[in-house]
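Listing of input_35.txt; format and content: compact mmCIF, C-alpha atoms.
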```txt
# COMPACT_ATOMS: atom_id res chain seq x y z
CA MET A 1 -177.44 -22.50 -9.18
CA SER A 2 -175.14 -23.70 -6.47
CA SER A 3 -175.97 -27.03 -4.92
CA GLY A 4 -174.46 -25.90 -1.59
CA ILE A 5 -172.22 -28.91 -1.47
CA GLN A 6 -168.70 -28.04 -0.45
CA ILE A 7 -165.89 -30.37 -1.37
CA LYS A 8 -163.24 -30.46 1.33
CA PRO A 9 -159.69 -30.66 0.09
CA LYS A 10 -157.92 -33.90 0.87
CA THR A 11 -155.59 -33.65 3.84
CA ALA A 12 -152.16 -35.11 3.56
CA VAL A 13 -151.76 -38.21 5.60
CA GLN A 14 -149.04 -37.79 8.16
CA LYS A 15 -146.66 -40.67 7.83
CA SER A 16 -145.07 -41.62 11.08
CA GLU A 17 -141.46 -42.32 10.54
CA THR A 18 -140.21 -44.98 12.85
CA SER A 19 -136.70 -44.08 13.95
CA PRO A 20 -134.48 -47.06 14.43
CA LEU A 21 -133.68 -47.95 18.00
CA PRO A 22 -130.24 -46.84 19.04
CA HIS A 23 -127.76 -49.64 19.17
CA SER A 24 -126.86 -50.59 22.69
CA PRO A 25 -123.12 -50.25 23.15
CA GLN A 26 -121.35 -53.51 23.75
CA PRO A 27 -120.07 -53.66 27.31
CA ALA A 28 -116.31 -53.32 27.46
CA THR A 29 -114.60 -56.55 28.25
CA LYS A 30 -112.70 -56.11 31.45
CA PRO A 31 -109.36 -57.86 31.66
CA LYS A 32 -109.20 -60.71 34.11
CA PRO A 33 -106.77 -60.26 36.99
CA SER A 34 -104.85 -63.27 35.69
CA ASP A 35 -104.42 -61.54 32.31
CA LYS A 36 -102.27 -58.88 33.93
CA LEU A 37 -99.89 -61.56 35.16
CA ASN A 38 -99.59 -63.42 31.87
CA PRO A 39 -97.14 -61.76 29.46
CA LYS A 40 -99.01 -63.30 26.50
CA THR A 41 -102.18 -61.39 27.38
CA ILE A 42 -100.59 -58.08 28.32
CA ASP A 43 -101.42 -55.44 25.75
CA PRO A 44 -98.60 -52.90 25.90
CA PHE A 45 -100.92 -50.34 24.31
CA GLY A 46 -103.92 -51.05 26.54
CA ALA A 47 -105.21 -48.46 28.98
CA TYR A 48 -104.53 -50.65 31.98
CA SER A 49 -100.97 -51.55 30.99
CA ARG A 50 -99.69 -48.58 29.03
CA PRO A 51 -95.92 -48.81 29.41
CA THR A 52 -94.23 -46.23 31.57
CA THR A 53 -90.78 -47.31 30.42
CA ALA A 54 -89.27 -49.43 27.69
CA PHE A 55 -89.24 -52.32 30.16
CA ALA A 56 -93.01 -52.89 30.03
CA ALA A 57 -93.15 -53.10 26.23
CA ILE A 58 -90.11 -55.39 26.09
CA TYR A 59 -91.57 -57.63 28.80
CA ALA A 60 -94.91 -57.87 27.00
CA LYS A 61 -93.12 -58.99 23.83
CA GLY A 62 -91.23 -61.70 25.69
CA GLY A 63 -87.92 -59.85 25.65
CA ILE A 64 -87.19 -60.33 29.36
CA PRO A 65 -85.81 -63.86 30.01
CA CYS A 66 -87.56 -64.30 33.36
CA ARG A 67 -91.15 -64.55 34.51
CA LEU A 68 -93.11 -64.17 37.70
CA VAL A 69 -94.10 -67.42 39.39
CA HIS A 70 -96.77 -67.20 42.06
CA GLY A 71 -96.27 -69.12 45.26
CA SER A 72 -98.63 -69.73 48.13
CA VAL A 73 -96.47 -67.62 50.44
CA LYS A 74 -94.18 -65.53 48.25
CA HIS A 75 -93.51 -64.91 44.57
CA ARG A 76 -90.30 -65.79 42.77
CA LEU A 77 -88.70 -65.43 39.38
CA GLN A 78 -88.25 -68.24 36.91
CA TRP A 79 -85.44 -67.71 34.41
CA GLU A 80 -85.66 -69.15 30.92
CA CYS A 81 -81.92 -69.83 31.10
CA LEU A 82 -79.25 -69.61 33.75
CA PRO A 83 -78.78 -65.94 34.78
CA GLU A 84 -75.02 -66.48 34.47
CA THR A 85 -75.45 -66.94 30.73
CA VAL A 86 -77.58 -63.82 30.18
CA PRO A 87 -75.77 -60.80 28.67
CA PHE A 88 -75.82 -57.87 31.10
CA ASP A 89 -75.94 -55.49 28.16
CA PRO A 90 -78.70 -54.43 27.74
CA LEU A 91 -80.70 -56.54 30.22
CA LEU A 92 -79.35 -54.97 33.43
CA VAL A 93 -80.12 -51.48 32.11
CA THR A 94 -83.60 -52.55 30.98
CA LEU A 95 -84.35 -54.05 34.40
CA ALA A 96 -83.17 -50.80 36.01
CA GLU A 97 -85.58 -48.87 33.79
CA GLY A 98 -88.37 -51.14 35.01
CA LEU A 99 -87.85 -49.90 38.56
CA ARG A 100 -89.93 -46.85 37.57
CA GLU A 101 -92.91 -49.00 36.63
CA THR A 102 -95.89 -48.97 38.98
CA LYS A 103 -97.90 -51.89 37.54
CA HIS A 104 -97.80 -55.53 38.54
CA PRO A 105 -95.97 -57.73 37.49
CA TYR A 106 -93.48 -55.21 36.09
CA THR A 107 -92.58 -53.92 39.56
CA PHE A 108 -91.69 -57.36 40.92
CA VAL A 109 -89.91 -58.67 37.84
CA SER A 110 -87.71 -55.58 37.43
CA LYS A 111 -86.80 -55.39 41.12
CA GLU A 112 -86.04 -59.09 41.59
CA GLY A 113 -84.45 -59.47 38.17
CA PHE A 114 -82.04 -56.60 38.84
CA LYS A 115 -81.08 -58.05 42.22
CA GLU A 116 -80.65 -61.63 41.00
CA LEU A 117 -78.63 -60.65 37.95
CA LEU A 118 -76.17 -58.80 40.17
CA MET A 119 -75.72 -61.97 42.26
CA VAL A 120 -74.22 -64.09 39.47
CA ASP A 121 -70.53 -64.92 39.25
CA GLY A 122 -68.58 -62.26 37.38
CA ALA A 123 -71.25 -59.60 37.95
CA THR A 124 -68.64 -57.00 38.90
CA GLU A 125 -66.79 -57.18 35.60
CA LYS A 126 -70.06 -57.15 33.68
CA ALA A 127 -71.71 -54.28 35.58
CA ILE A 128 -68.85 -51.75 35.79
CA PRO A 129 -68.82 -50.95 32.03
CA LEU A 130 -72.57 -50.26 32.24
CA LEU A 131 -72.33 -47.64 35.02
CA PRO A 132 -72.53 -44.62 32.65
CA ARG A 133 -75.89 -45.96 31.44
CA LEU A 134 -77.14 -47.34 34.76
CA VAL A 135 -76.61 -44.18 36.81
CA PRO A 136 -79.00 -41.92 34.82
CA VAL A 137 -81.68 -44.63 35.01
CA LEU A 138 -81.27 -45.04 38.77
CA LYS A 139 -81.26 -41.25 39.13
CA ALA A 140 -84.67 -41.12 37.41
CA ALA A 141 -86.03 -43.71 39.86
CA LEU A 142 -84.68 -41.77 42.84
CA ALA A 143 -86.28 -38.59 41.51
CA HIS A 144 -89.68 -40.26 41.00
CA SER A 145 -92.64 -38.86 42.94
CA ASP A 146 -93.91 -42.36 43.79
CA ASP A 147 -92.53 -43.45 47.17
CA GLU A 148 -92.37 -47.13 46.19
CA VAL A 149 -90.43 -46.31 43.02
CA PHE A 150 -87.97 -44.29 45.10
CA GLY A 151 -87.61 -47.19 47.52
CA ARG A 152 -86.86 -49.65 44.72
CA GLY A 153 -84.34 -47.25 43.24
CA LEU A 154 -82.60 -46.85 46.60
CA ASP A 155 -82.42 -50.61 47.12
CA ALA A 156 -81.03 -51.09 43.62
CA LEU A 157 -78.39 -48.41 44.22
CA VAL A 158 -77.14 -50.21 47.34
CA GLN A 159 -77.15 -53.55 45.52
CA LEU A 160 -75.15 -52.06 42.67
CA SER A 161 -72.68 -50.46 45.10
CA ALA A 162 -72.10 -53.81 46.78
CA VAL A 163 -71.11 -55.29 43.42
CA VAL A 164 -69.05 -52.52 41.79
CA GLY A 165 -67.56 -51.04 44.97
CA PRO A 166 -65.40 -47.90 44.57
CA SER A 167 -66.11 -47.84 40.82
CA LEU A 168 -69.41 -46.14 41.67
CA ASN A 169 -67.68 -43.18 43.33
CA ASP A 170 -67.10 -41.33 40.06
CA HIS A 171 -70.86 -41.35 39.44
CA LEU A 172 -72.15 -41.03 43.00
CA LYS A 173 -72.50 -37.25 43.08
CA HIS A 174 -75.18 -37.45 40.37
CA LEU A 175 -77.36 -39.58 42.66
CA LEU A 176 -76.92 -37.82 45.99
CA THR A 177 -79.00 -34.72 45.22
CA ASN A 178 -82.22 -36.71 45.19
CA LEU A 179 -81.23 -38.52 48.38
CA SER A 180 -80.56 -35.18 50.06
CA ARG A 181 -84.05 -33.96 49.18
CA ARG A 182 -85.78 -37.06 50.50
CA LEU A 183 -83.63 -37.03 53.62
CA MET A 184 -85.68 -34.08 54.86
CA ASN A 185 -88.72 -36.38 54.98
CA LYS A 186 -88.90 -38.28 58.26
CA LYS A 187 -90.46 -41.20 56.41
CA PHE A 188 -87.23 -41.90 54.53
CA ARG A 189 -84.59 -40.53 56.89
CA GLU A 190 -83.57 -43.84 58.48
CA LYS A 191 -83.66 -45.81 55.23
CA ILE A 192 -81.53 -43.23 53.39
CA THR A 193 -79.06 -42.98 56.28
CA VAL A 194 -78.57 -46.75 56.25
CA ALA A 195 -78.15 -46.65 52.45
CA LEU A 196 -75.49 -43.93 52.72
CA GLN A 197 -73.62 -46.01 55.29
CA LYS A 198 -73.71 -48.97 52.90
CA LEU A 199 -72.38 -46.79 50.09
CA GLU A 200 -69.51 -45.73 52.33
CA GLN A 201 -68.86 -49.33 53.36
CA TYR A 202 -68.68 -50.55 49.76
CA GLY A 203 -67.06 -47.44 48.28
CA GLY A 204 -64.29 -46.91 50.82
CA LYS A 205 -62.95 -43.78 52.51
CA ALA A 206 -63.18 -41.67 49.36
CA THR A 207 -66.94 -42.06 49.46
CA VAL A 208 -67.25 -40.01 52.66
CA ALA A 209 -66.01 -36.79 51.04
CA ILE A 210 -68.34 -37.31 48.07
CA ILE A 211 -71.36 -37.84 50.33
CA LYS A 212 -70.51 -34.85 52.52
CA SER A 213 -70.20 -32.60 49.47
CA LYS A 214 -73.93 -33.09 48.87
CA ILE A 215 -75.09 -34.03 52.39
CA PRO A 216 -72.92 -32.10 54.89
CA THR A 217 -74.80 -33.54 57.88
CA TYR A 218 -73.77 -37.10 57.06
CA CYS A 219 -71.82 -38.83 59.84
CA SER A 220 -69.28 -41.39 58.70
CA ILE A 221 -69.49 -44.92 60.07
CA SER A 222 -65.75 -44.70 60.84
CA SER A 223 -66.01 -41.54 62.93
```
Mind turning the file's structure into structure tokens?
Amino acid sequence: MSSGIQIKPKTAVQKSETSPLPHSPQPATKPKPSDKLNPKTIDPFGAYSRPTTAFAAIYAKGGIPCRLVHGSVKHRLQWECLPETVPFDPLLVTLAEGLRETKHPYTFVSKEGFKELLMVDGATEKAIPLLPRLVPVLKAALAHSDDEVFGRGLDALVQLSAVVGPSLNDHLKHLLTNLSRRLMNKKFREKITVALQKLEQYGGKATVAIIKSKIPTYCSISS
């Protein structure tokens, strides 16, 4: 005879699994503005200072013998040794490559370093043998889409012409195509015209025919 008592099967106890809390990502450490100015803290492989040219990596490793010194009014370069004692090869070419950089302090160091190195005694004899290597680097700066890079390249070209004189004429045609293109932009027309006049002044009468072969509208300063 059945007692009428029903035995309910035991239900499995649901175990609540506690999922671990996700780890909060550590906030990225932002570089201090002063870190960008100190070559010892520049990471040549960092996102904010990834080198555009060989100049940036060489500078970060201490391979450029001058450093930026901040002044209250204007910045200046401090050389580790007298610029007269620094070999132009390869430093002058490396500084010219740095003209294509767009990050501080690379822009200032390359521009000022190039100019100051060309001001030392005997710069003419040291720079002329480097022209076959300097011209392609300056051409790249003049072809750059960044207006400030172009401006630095144009200034450097005039500075180089003042030092090497007519020796630049054999290489000048390789640089004039980019000047001709920018000449159509009103923003650069006056600056390029003045630069062409300087090239003629330093390069002599033979320079006029070279310029006119690429820029027929150029008017000689002697005409």
Taking only C-alpha atoms into account, which of A:Ser110, A:Ser161, A:Gln78, A:Thr102 comes nearest Ala195 (chain A)?
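The answer is A:Ser161, which sits nearest to Ala195 (chain A).
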Exercise: region 127-141 of chain A partners within 10 Å, all atoms listed in the file, chain neighbours under 6 positions left out, as JSON, numbers by chain
{"A": [88, 89, 90, 92, 93, 94, 95, 96, 97, 98, 99, 100, 101, 117, 118, 147, 148, 149, 150, 151, 152, 153, 154, 156, 157, 160, 163, 164, 165, 167, 168, 170, 171, 172, 174, 175, 176, 177, 178, 179]}
Produce a file of the selected residues containing C-alpha atoms, as a PDB file, keeping the file's coordinate frame.
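Dumped to out_36.pdb:
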```
ATOM      1  CA  PHE A  88     -75.820 -57.870  31.100  1.00  0.00           C
ATOM      2  CA  ASP A  89     -75.940 -55.490  28.160  1.00  0.00           C
ATOM      3  CA  PRO A  90     -78.700 -54.430  27.740  1.00  0.00           C
ATOM      4  CA  LEU A  92     -79.350 -54.970  33.430  1.00  0.00           C
ATOM      5  CA  VAL A  93     -80.120 -51.480  32.110  1.00  0.00           C
ATOM      6  CA  THR A  94     -83.600 -52.550  30.980  1.00  0.00           C
ATOM      7  CA  LEU A  95     -84.350 -54.050  34.400  1.00  0.00           C
ATOM      8  CA  ALA A  96     -83.170 -50.800  36.010  1.00  0.00           C
ATOM      9  CA  GLU A  97     -85.580 -48.870  33.790  1.00  0.00           C
ATOM     10  CA  GLY A  98     -88.370 -51.140  35.010  1.00  0.00           C
ATOM     11  CA  LEU A  99     -87.850 -49.900  38.560  1.00  0.00           C
ATOM     12  CA  ARG A 100     -89.930 -46.850  37.570  1.00  0.00           C
ATOM     13  CA  GLU A 101     -92.910 -49.000  36.630  1.00  0.00           C
ATOM     14  CA  LEU A 117     -78.630 -60.650  37.950  1.00  0.00           C
ATOM     15  CA  LEU A 118     -76.170 -58.800  40.170  1.00  0.00           C
ATOM     16  CA  ASP A 147     -92.530 -43.450  47.170  1.00  0.00           C
ATOM     17  CA  GLU A 148     -92.370 -47.130  46.190  1.00  0.00           C
ATOM     18  CA  VAL A 149     -90.430 -46.310  43.020  1.00  0.00           C
ATOM     19  CA  PHE A 150     -87.970 -44.290  45.100  1.00  0.00           C
ATOM     20  CA  GLY A 151     -87.610 -47.190  47.520  1.00  0.00           C
ATOM     21  CA  ARG A 152     -86.860 -49.650  44.720  1.00  0.00           C
ATOM     22  CA  GLY A 153     -84.340 -47.250  43.240  1.00  0.00           C
ATOM     23  CA  LEU A 154     -82.600 -46.850  46.600  1.00  0.00           C
ATOM     24  CA  ALA A 156     -81.030 -51.090  43.620  1.00  0.00           C
ATOM     25  CA  LEU A 157     -78.390 -48.410  44.220  1.00  0.00           C
ATOM     26  CA  LEU A 160     -75.150 -52.060  42.670  1.00  0.00           C
ATOM     27  CA  VAL A 163     -71.110 -55.290  43.420  1.00  0.00           C
ATOM     28  CA  VAL A 164     -69.050 -52.520  41.790  1.00  0.00           C
ATOM     29  CA  GLY A 165     -67.560 -51.040  44.970  1.00  0.00           C
ATOM     30  CA  SER A 167     -66.110 -47.840  40.820  1.00  0.00           C
ATOM     31  CA  LEU A 168     -69.410 -46.140  41.670  1.00  0.00           C
ATOM     32  CA  ASP A 170     -67.100 -41.330  40.060  1.00  0.00           C
ATOM     33  CA  HIS A 171     -70.860 -41.350  39.440  1.00  0.00           C
ATOM     34  CA  LEU A 172     -72.150 -41.030  43.000  1.00  0.00           C
ATOM     35  CA  HIS A 174     -75.180 -37.450  40.370  1.00  0.00           C
ATOM     36  CA  LEU A 175     -77.360 -39.580  42.660  1.00  0.00           C
ATOM     37  CA  LEU A 176     -76.920 -37.820  45.990  1.00  0.00           C
ATOM     38  CA  THR A 177     -79.000 -34.720  45.220  1.00  0.00           C
ATOM     39  CA  ASN A 178     -82.220 -36.710  45.190  1.00  0.00           C
ATOM     40  CA  LEU A 179     -81.230 -38.520  48.380  1.00  0.00           C
TER      41      LEU A 179
END
```
When you count only C-alpha atoms, which of these residues is closest to Gly63 (chain A): A:Tyr202, A:Leu91, A:Thr207, A:Cys81?
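Smallest distance to Gly63 (chain A) is found for A:Leu91.
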Write out as a PDB file with C-alpha atoms, in the coordinates of the input which residues come within 10 Å of Leu196 (chain A) when counting only C-alpha atoms, dropping same-chain ones fewer than 3 positions away.
```pdb
ATOM      1  CA  LEU A 154     -82.600 -46.850  46.600  1.00  0.00           C
ATOM      2  CA  VAL A 158     -77.140 -50.210  47.340  1.00  0.00           C
ATOM      3  CA  LEU A 176     -76.920 -37.820  45.990  1.00  0.00           C
ATOM      4  CA  LEU A 179     -81.230 -38.520  48.380  1.00  0.00           C
ATOM      5  CA  GLU A 190     -83.570 -43.840  58.480  1.00  0.00           C
ATOM      6  CA  LYS A 191     -83.660 -45.810  55.230  1.00  0.00           C
ATOM      7  CA  ILE A 192     -81.530 -43.230  53.390  1.00  0.00           C
ATOM      8  CA  THR A 193     -79.060 -42.980  56.280  1.00  0.00           C
ATOM      9  CA  LEU A 199     -72.380 -46.790  50.090  1.00  0.00           C
ATOM     10  CA  GLU A 200     -69.510 -45.730  52.330  1.00  0.00           C
ATOM     11  CA  GLN A 201     -68.860 -49.330  53.360  1.00  0.00           C
ATOM     12  CA  TYR A 202     -68.680 -50.550  49.760  1.00  0.00           C
ATOM     13  CA  THR A 207     -66.940 -42.060  49.460  1.00  0.00           C
ATOM     14  CA  VAL A 208     -67.250 -40.010  52.660  1.00  0.00           C
ATOM     15  CA  ILE A 211     -71.360 -37.840  50.330  1.00  0.00           C
ATOM     16  CA  ILE A 215     -75.090 -34.030  52.390  1.00  0.00           C
ATOM     17  CA  TYR A 218     -73.770 -37.100  57.060  1.00  0.00           C
ATOM     18  CA  CYS A 219     -71.820 -38.830  59.840  1.00  0.00           C
ATOM     19  CA  SER A 220     -69.280 -41.390  58.700  1.00  0.00           C
ATOM     20  CA  ILE A 221     -69.490 -44.920  60.070  1.00  0.00           C
TER      21      ILE A 221
END
```
Please measure the separation of CA of Phe55 (chain A) and CA of His104 (chain A), giving the value in Å to one decimal.
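So the two atoms, CA of Phe55 (chain A) and CA of His104 (chain A), lie 12.4 Å apart.
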CA of Pro87 (chain A) to CA of Gly113 (chain A): how many Å, to one decimal?
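Separation of CA of Pro87 (chain A) and CA of Gly113 (chain A): 12.9 Å.
Note that the spacing between CA of His144 (chain A) and CA of Ala60 (chain A) amounts to 23.1 Å.
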Would you please work out which residue, of A:Trp79, A:Lys173, A:Arg181, A:Phe188, is nearest to Lys212 (chain A) when using all atoms listed in the file?
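Looking only at the distances to Lys212 (chain A), the closest residue turns out to be A:Lys173.
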Pick from A:Val109, A:Ala56, A:Met119, A:Ala206: nearest to Leu77 (chain A), with all atoms listed in the file counted?
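For Leu77 (chain A), the nearest of the given residues is A:Val109.
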